[in-house]
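Just my_file-v3.csv here, CSV, C-alpha atoms:
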chain,number,residue,atom,x,y,z
A,45,GLY,CA,36.5,-55.5,-45.7
A,46,ALA,CA,36.5,-54.3,-42.1
A,47,ILE,CA,33.9,-52.1,-40.6
A,48,HIS,CA,35.1,-49.1,-38.5
A,49,LEU,CA,33.3,-46.6,-36.4
A,50,VAL,CA,34.1,-42.9,-36.0
A,51,ASP,CA,32.6,-40.7,-33.3
A,52,SER,CA,31.9,-37.0,-33.3
A,53,THR,CA,35.4,-36.2,-31.9
A,54,GLY,CA,37.0,-38.0,-34.8
A,55,HIS,CA,38.0,-41.1,-32.8
A,56,PHE,CA,38.3,-44.0,-35.3
A,57,SER,CA,38.1,-47.7,-34.1
A,58,ARG,CA,37.6,-51.1,-35.6
A,59,LEU,CA,34.1,-52.3,-34.8
A,60,PHE,CA,34.6,-56.1,-34.7
A,61,GLU,CA,37.8,-58.0,-33.9
A,62,ARG,CA,37.9,-61.8,-34.3
A,63,GLN,CA,40.7,-64.1,-33.6
A,64,GLN,CA,40.5,-65.8,-36.9
A,65,PRO,CA,41.2,-64.0,-40.2
A,66,PHE,CA,38.2,-63.2,-42.3
A,67,VAL,CA,37.6,-65.0,-45.5
A,68,ASP,CA,34.9,-62.7,-46.9
A,69,GLY,CA,35.4,-59.7,-44.6
A,70,GLU,CA,32.6,-57.7,-42.9
A,71,ALA,CA,29.6,-56.2,-44.6
A,72,TRP,CA,25.9,-55.2,-44.4
A,73,MET,CA,26.0,-53.5,-41.0
A,74,ARG,CA,22.5,-52.6,-39.6
A,75,TYR,CA,21.8,-50.7,-36.4
A,76,LEU,CA,19.1,-52.1,-34.1
A,77,PRO,CA,16.6,-49.4,-33.0
A,78,ASP,CA,18.3,-49.0,-29.6
A,79,GLY,CA,21.3,-47.4,-31.4
A,80,ARG,CA,23.7,-49.4,-29.2
A,81,THR,CA,23.7,-52.7,-31.0
A,82,VAL,CA,24.4,-53.7,-34.7
A,83,LEU,CA,24.0,-56.8,-36.8
A,84,LEU,CA,26.7,-57.5,-39.5
A,85,ASN,CA,27.9,-60.2,-41.8
A,86,SER,CA,31.3,-61.8,-41.5
A,87,ASP,CA,32.3,-65.0,-43.3
A,88,ALA,CA,28.7,-65.9,-44.2
A,89,LYS,CA,27.6,-65.7,-40.6
A,90,ILE,CA,25.6,-63.0,-38.8
A,91,TRP,CA,26.9,-61.4,-35.6
A,92,ARG,CA,25.2,-59.1,-33.1
A,93,ILE,CA,27.6,-56.6,-31.6
A,94,VAL,CA,27.2,-54.3,-28.6
A,95,LEU,CA,29.0,-51.1,-29.5
A,96,ALA,CA,30.0,-50.0,-26.0
A,97,THR,CA,31.7,-53.3,-25.1
A,98,GLY,CA,32.5,-54.8,-28.5
A,99,ALA,CA,30.9,-58.1,-27.3
A,100,ALA,CA,30.1,-60.2,-30.3
A,101,ASP,CA,27.3,-62.8,-30.3
A,102,PRO,CA,26.9,-65.1,-33.3
A,103,ILE,CA,23.5,-65.9,-34.6
A,104,PRO,CA,23.2,-69.7,-34.3
A,105,SER,CA,24.0,-71.3,-37.6
A,106,PRO,CA,24.8,-74.8,-38.9
A,107,ALA,CA,28.3,-75.1,-40.3
A,108,SER,CA,26.9,-75.6,-43.8
A,109,ALA,CA,24.6,-72.5,-43.7
A,110,VAL,CA,25.3,-69.3,-45.5
A,111,ASP,CA,23.5,-66.6,-43.5
A,112,LEU,CA,23.4,-63.1,-45.1
A,113,ARG,CA,22.0,-59.6,-44.8
A,114,ALA,CA,20.2,-59.5,-41.5
A,115,SER,CA,17.7,-56.6,-41.2
A,116,PRO,CA,16.3,-55.8,-37.7
A,117,SER,CA,12.6,-55.3,-37.1
A,118,PRO,CA,11.4,-51.8,-36.1
A,119,ASP,CA,11.1,-53.0,-32.5
A,120,GLY,CA,14.5,-54.6,-32.5
A,121,LEU,CA,13.2,-57.9,-31.2
A,122,ARG,CA,13.6,-59.9,-34.5
A,123,ALA,CA,15.6,-59.8,-37.7
A,124,VAL,CA,15.0,-61.2,-41.1
A,125,PHE,CA,17.9,-62.7,-43.0
A,126,SER,CA,18.7,-65.1,-45.9
A,127,ARG,CA,19.8,-68.6,-45.0
A,128,ASN,CA,21.1,-70.5,-48.0
A,129,GLY,CA,18.9,-68.3,-50.2
A,130,PHE,CA,15.7,-68.6,-48.2
A,131,LEU,CA,14.3,-66.0,-45.9
A,132,SER,CA,14.1,-66.7,-42.1
A,133,ILE,CA,13.3,-64.7,-39.1
A,134,ILE,CA,15.3,-64.9,-35.8
A,135,ASP,CA,13.9,-63.9,-32.4
A,136,LEU,CA,17.0,-62.0,-31.1
A,137,ARG,CA,16.1,-62.9,-27.5
A,138,SER,CA,15.5,-66.6,-27.7
A,139,LYS,CA,17.5,-67.1,-30.9
A,140,SER,CA,14.8,-69.3,-32.3
A,141,ILE,CA,14.6,-69.3,-36.1
A,142,THR,CA,11.5,-69.4,-38.2
A,143,PRO,CA,11.8,-70.1,-42.0
A,144,LEU,CA,9.4,-68.0,-44.1
A,145,GLY,CA,9.4,-70.6,-47.0
A,146,VAL,CA,10.4,-68.2,-49.8
A,147,GLU,CA,13.6,-67.6,-51.7
A,148,GLY,CA,14.9,-64.1,-51.1
A,149,TYR,CA,17.8,-61.7,-50.4
A,150,GLY,CA,18.3,-58.2,-49.1
A,151,ALA,CA,15.0,-58.2,-47.1
A,152,ARG,CA,14.0,-55.0,-45.3
A,153,TRP,CA,11.2,-54.5,-42.8
A,154,SER,CA,8.5,-51.8,-43.4
A,155,PRO,CA,8.6,-49.0,-40.8
A,156,ASP,CA,5.5,-50.3,-39.1
A,157,GLY,CA,6.7,-53.9,-39.1
A,158,ALA,CA,3.7,-55.2,-41.1
A,159,TRP,CA,5.7,-56.2,-44.2
A,160,ILE,CA,9.1,-57.3,-45.4
A,161,ALA,CA,10.2,-56.4,-48.8
A,162,TYR,CA,12.9,-58.5,-50.6
A,163,GLY,CA,14.4,-59.5,-53.9
A,164,ASP,CA,14.5,-63.0,-55.4
A,165,VAL,CA,16.9,-64.9,-57.7
A,166,ASP,CA,14.8,-64.0,-60.7
A,167,SER,CA,15.2,-60.2,-60.1
A,168,GLY,CA,11.7,-59.9,-58.7
A,169,LEU,CA,10.7,-57.4,-56.0
A,170,TRP,CA,8.3,-59.0,-53.4
A,171,ILE,CA,6.6,-58.3,-50.1
A,172,ILE,CA,5.6,-60.8,-47.4
A,173,ARG,CA,4.1,-60.5,-43.9
A,174,PRO,CA,6.4,-61.5,-41.1
A,175,ASN,CA,4.3,-64.6,-40.4
A,176,GLY,CA,4.9,-65.9,-44.0
A,177,THR,CA,1.5,-64.9,-45.5
A,178,GLY,CA,0.5,-62.3,-48.0
A,179,VAL,CA,3.3,-62.9,-50.5
A,180,ARG,CA,3.0,-60.5,-53.4
A,181,ARG,CA,5.2,-59.6,-56.4
A,182,LEU,CA,5.6,-55.8,-56.8
A,183,ASN,CA,7.5,-55.3,-60.0
A,184,VAL,CA,6.5,-54.8,-63.5
A,185,ALA,CA,7.7,-57.4,-66.0
A,186,GLY,CA,10.9,-56.4,-67.8
A,187,ILE,CA,12.5,-54.4,-65.0
A,188,GLY,CA,15.2,-56.4,-63.2
A,189,TYR,CA,15.5,-55.6,-59.5
A,190,ALA,CA,18.5,-56.2,-57.3
A,191,PRO,CA,18.1,-57.0,-53.6
A,192,GLU,CA,19.1,-53.5,-52.7
A,193,ILE,CA,16.0,-51.9,-51.2
A,194,ASP,CA,14.8,-49.6,-48.5
A,195,TRP,CA,11.4,-48.3,-47.3
A,196,SER,CA,10.4,-44.6,-47.1
A,197,PRO,CA,9.9,-43.5,-43.4
A,198,ASP,CA,6.1,-43.5,-43.9
A,199,GLY,CA,6.1,-47.0,-45.5
A,200,LYS,CA,4.4,-45.7,-48.7
A,201,TRP,CA,7.3,-46.3,-51.1
A,202,ILE,CA,10.1,-48.8,-51.6
A,203,VAL,CA,13.3,-47.6,-53.3
A,204,ALA,CA,15.1,-50.3,-55.2
A,205,THR,CA,18.1,-50.8,-57.5
A,206,THR,CA,17.0,-51.7,-61.0
A,207,GLY,CA,18.5,-52.0,-64.4
A,208,LEU,CA,17.3,-48.4,-65.0
A,209,GLY,CA,18.9,-47.0,-61.8
A,210,LEU,CA,17.0,-46.3,-58.6
A,211,THR,CA,13.2,-46.8,-58.8
A,212,LEU,CA,10.4,-46.0,-56.4
A,213,VAL,CA,7.6,-48.6,-56.1
A,214,ASP,CA,4.3,-48.0,-54.3
A,215,PRO,CA,3.6,-51.4,-52.7
A,216,VAL,CA,-0.2,-50.8,-52.8
A,217,SER,CA,-0.9,-49.4,-56.2
A,218,LEU,CA,2.2,-50.8,-57.9
A,219,VAL,CA,3.0,-47.4,-59.4
A,220,THR,CA,6.7,-47.5,-60.5
A,221,LEU,CA,8.7,-44.3,-60.8
A,222,PRO,CA,12.2,-44.5,-62.1
A,223,LEU,CA,14.5,-41.8,-60.6
A,224,GLY,CA,16.3,-39.9,-63.4
A,225,GLN,CA,20.1,-39.7,-63.4
A,226,THR,CA,20.6,-42.7,-61.1
A,227,LYS,CA,21.7,-45.4,-63.6
A,228,GLY,CA,24.5,-47.4,-62.0
A,229,GLN,CA,23.8,-46.3,-58.5
A,230,ARG,CA,23.3,-49.0,-55.8
A,231,TYR,CA,22.4,-49.5,-52.2
A,232,PRO,CA,19.7,-46.9,-51.7
A,233,ALA,CA,18.9,-45.7,-48.2
A,234,TRP,CA,16.1,-43.4,-47.1

Entire entry expressed as structure tokens:
Amino acid sequence: GAIHLVDSTGHFSRLFERQQPFVDGEAWMRYLPDGRTVLLNSDAKIWRIVLATGAADPIPSPASAVDLRASPSPDGLRAVFSRNGFLSIIDLRSKSITPLGVEGYGARWSPDGAWIAYGDVDSGLWIIRPNGTGVRRLNVAGIGYAPEIDWSPDGKWIVATTGLGLTLVDPVSLVTLPLGQTKGQRYPAW
């Protein structure tokens, strides 16, 4: 599992080179809004990489921590991620980390930065404010959700992987709309 980049001329290059071999490979790459920097996972750690130089900066992490699936905020100043199964936010300038106090995976910021949607270990779909308040479950009982979600550009819908396939959820009214012919499809993106 190595992440590569290809430019419009067809030039193909490895994104991230480390001296040590990877145990778990590279995954879950997310661009910061500047389009010049990405966050990715490698060996249960999160790295910030500047595309022009390849400079790799690790997110500070204790040796025992498993840090997964960082998702940058719309302004690119923070990222939400899962540390040992609990959501935290890192300030990407100071590298200070603030735990949100909830179990969760696959968190994604709403386009306006007001909410974070995430999945939990019991297949629930939830939202929380970035300051840790306003926690609310979104899914209807009986529909299992995976932590594979994305927001619509206007922030009015969340698309999520469920046992039925891909499903749209309105985070305000809780209207749930399964998308036909999507059973078995995963990792939705808007």

Pairwise distance, CA of Asp111 in chain A with CA of Asn128 in chain A, equals 6.4 Å

Write out as an mmCIF file with C-alpha atoms, in the frame of the given file each polymer residue whose atoms come within 7 Å of range 210-226 of chain A, counting only C-alpha atoms; drop sequence neighbours fewer than 4 positions from it.
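Final output, result.cif:
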data_model
loop_
_atom_site.group_PDB
_atom_site.id
_atom_site.type_symbol
_atom_site.label_atom_id
_atom_site.label_comp_id
_atom_site.auth_asym_id
_atom_site.auth_seq_id
_atom_site.Cartn_x
_atom_site.Cartn_y
_atom_site.Cartn_z
ATOM 1 C CA LEU A 182 5.600 -55.800 -56.800
ATOM 2 C CA LYS A 200 4.400 -45.700 -48.700
ATOM 3 C CA TRP A 201 7.300 -46.300 -51.100
ATOM 4 C CA ILE A 202 10.100 -48.800 -51.600
ATOM 5 C CA VAL A 203 13.300 -47.600 -53.300
ATOM 6 C CA ALA A 204 15.100 -50.300 -55.200
ATOM 7 C CA THR A 205 18.100 -50.800 -57.500
ATOM 8 C CA THR A 206 17.000 -51.700 -61.000
#

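A straight line drawn from CA of Asp135 in chain A to CA of Arg122 in chain A is 4.5 Å long.
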
Distance CA of His55 in chain A-CA of Arg92 in chain A, one decimal place? 22.1 Å

Between A:Trp170, A:Trp195, A:Phe130, A:Phe56, single out the one closest to Arg152 in chain A, counting only C-alpha atoms.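 Of all the options, A:Trp195 lies closest to Arg152 in chain A.
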
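If you measure from each of A:Pro155, A:Pro174, A:Pro104, A:Gly120 to Ile141 in chain A using all atoms listed in the file, the closest one turns out to be A:Pro104.
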
Would you please work out which residue, of A:Gly129, A:Pro197, A:Gly157, A:Gly178, is nearest to Ala233 in chain A when using only C-alpha atoms?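 Among the listed residues, the smallest separation from Ala233 in chain A belongs to A:Pro197.
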
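Ranking A:Tyr149, A:Tyr231, A:Tyr75, A:Trp159 by their shortest atom-to-atom distance to Val110 in chain A, with all atoms listed in the file included, puts A:Tyr149 first.
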
Would you kindly return, as a PyMOL selection string, each protein, DNA or RNA residue with an atom no farther than 9 Å from any atom of Ala109 in chain A, considering all atoms listed in the file and excluding same-chain residues fewer than 6 positions away? chain A and resi 88-89+127-128

Can those selected residues be exported to a file as a PDB file, in the frame of the given file so that it contains C-alpha atoms?
ATOM      1  CA  ALA A  88      28.700 -65.900 -44.200  1.00  0.00           C
ATOM      2  CA  LYS A  89      27.600 -65.700 -40.600  1.00  0.00           C
ATOM      3  CA  ARG A 127      19.800 -68.600 -45.000  1.00  0.00           C
ATOM      4  CA  ASN A 128      21.100 -70.500 -48.000  1.00  0.00           C
TER       5      ASN A 128
END

Place N, CA, C and O atoms on range 180-204 of chain A and deliver the coordinates as a CSV table (one decimal), keeping the file's coordinate frame.
chain,number,residue,atom,x,y,z
A,180,ARG,N,3.5,-61.2,-52.3
A,180,ARG,CA,3.0,-60.5,-53.4
A,180,ARG,C,4.2,-60.0,-54.2
A,180,ARG,O,5.0,-59.3,-53.6
A,181,ARG,N,4.2,-60.2,-55.5
A,181,ARG,CA,5.2,-59.6,-56.4
A,181,ARG,C,4.8,-58.2,-56.7
A,181,ARG,O,3.7,-57.9,-57.0
A,182,LEU,N,5.8,-57.3,-56.6
A,182,LEU,CA,5.6,-55.8,-56.8
A,182,LEU,C,6.0,-55.3,-58.2
A,182,LEU,O,5.6,-54.2,-58.6
A,183,ASN,N,6.9,-55.9,-58.8
A,183,ASN,CA,7.5,-55.3,-60.0
A,183,ASN,C,6.8,-55.6,-61.3
A,183,ASN,O,6.1,-56.6,-61.5
A,184,VAL,N,7.0,-54.6,-62.2
A,184,VAL,CA,6.5,-54.8,-63.5
A,184,VAL,C,7.4,-55.6,-64.3
A,184,VAL,O,8.7,-55.5,-64.2
A,185,ALA,N,6.9,-56.5,-65.2
A,185,ALA,CA,7.7,-57.4,-66.0
A,185,ALA,C,8.7,-56.6,-66.8
A,185,ALA,O,8.4,-55.5,-67.3
A,186,GLY,N,9.9,-57.1,-67.0
A,186,GLY,CA,10.9,-56.4,-67.8
A,186,GLY,C,11.8,-55.5,-67.1
A,186,GLY,O,12.8,-55.0,-67.6
A,187,ILE,N,11.6,-55.2,-65.8
A,187,ILE,CA,12.5,-54.4,-65.0
A,187,ILE,C,13.2,-55.3,-64.0
A,187,ILE,O,12.5,-55.9,-63.1
A,188,GLY,N,14.4,-55.5,-64.1
A,188,GLY,CA,15.2,-56.4,-63.2
A,188,GLY,C,15.5,-55.6,-61.9
A,188,GLY,O,16.0,-54.5,-62.0
A,189,TYR,N,15.2,-56.2,-60.8
A,189,TYR,CA,15.5,-55.6,-59.5
A,189,TYR,C,16.6,-56.4,-58.8
A,189,TYR,O,16.7,-57.6,-58.9
A,190,ALA,N,17.5,-55.6,-58.1
A,190,ALA,CA,18.5,-56.2,-57.3
A,190,ALA,C,18.0,-56.2,-55.9
A,190,ALA,O,17.2,-55.3,-55.5
A,191,PRO,N,18.5,-57.0,-55.0
A,191,PRO,CA,18.1,-57.0,-53.6
A,191,PRO,C,18.7,-55.9,-52.8
A,191,PRO,O,19.3,-56.1,-51.8
A,192,GLU,N,18.6,-54.7,-53.3
A,192,GLU,CA,19.1,-53.5,-52.7
A,192,GLU,C,18.0,-52.5,-52.5
A,192,GLU,O,17.6,-51.8,-53.5
A,193,ILE,N,17.3,-52.6,-51.4
A,193,ILE,CA,16.0,-51.9,-51.2
A,193,ILE,C,16.0,-51.2,-49.9
A,193,ILE,O,16.7,-51.5,-49.0
A,194,ASP,N,15.1,-50.2,-49.8
A,194,ASP,CA,14.8,-49.6,-48.5
A,194,ASP,C,13.4,-49.0,-48.6
A,194,ASP,O,12.9,-48.7,-49.7
A,195,TRP,N,12.7,-48.8,-47.4
A,195,TRP,CA,11.4,-48.3,-47.3
A,195,TRP,C,11.5,-46.8,-47.0
A,195,TRP,O,12.4,-46.4,-46.3
A,196,SER,N,10.5,-46.0,-47.5
A,196,SER,CA,10.4,-44.6,-47.1
A,196,SER,C,9.9,-44.6,-45.6
A,196,SER,O,9.4,-45.6,-45.1
A,197,PRO,N,10.3,-43.6,-44.8
A,197,PRO,CA,9.9,-43.5,-43.4
A,197,PRO,C,8.4,-43.7,-43.2
A,197,PRO,O,8.0,-44.3,-42.1
A,198,ASP,N,7.5,-43.3,-44.1
A,198,ASP,CA,6.1,-43.5,-43.9
A,198,ASP,C,5.6,-44.8,-44.4
A,198,ASP,O,4.4,-45.1,-44.3
A,199,GLY,N,6.5,-45.6,-45.0
A,199,GLY,CA,6.1,-47.0,-45.5
A,199,GLY,C,5.3,-47.0,-46.8
A,199,GLY,O,4.8,-48.0,-47.2
A,200,LYS,N,5.2,-45.8,-47.5
A,200,LYS,CA,4.4,-45.7,-48.7
A,200,LYS,C,5.1,-46.0,-50.0
A,200,LYS,O,4.5,-46.2,-51.0
A,201,TRP,N,6.5,-46.1,-49.9
A,201,TRP,CA,7.3,-46.3,-51.1
A,201,TRP,C,8.4,-47.3,-50.7
A,201,TRP,O,8.9,-47.3,-49.6
A,202,ILE,N,8.9,-48.0,-51.7
A,202,ILE,CA,10.1,-48.8,-51.6
A,202,ILE,C,11.0,-48.2,-52.7
A,202,ILE,O,10.6,-48.0,-53.8
A,203,VAL,N,12.3,-48.0,-52.3
A,203,VAL,CA,13.3,-47.6,-53.3
A,203,VAL,C,14.1,-48.8,-53.6
A,203,VAL,O,14.5,-49.5,-52.6
A,204,ALA,N,14.4,-49.1,-54.8
A,204,ALA,CA,15.1,-50.3,-55.2
A,204,ALA,C,16.1,-50.0,-56.3
A,204,ALA,O,15.9,-49.1,-57.1
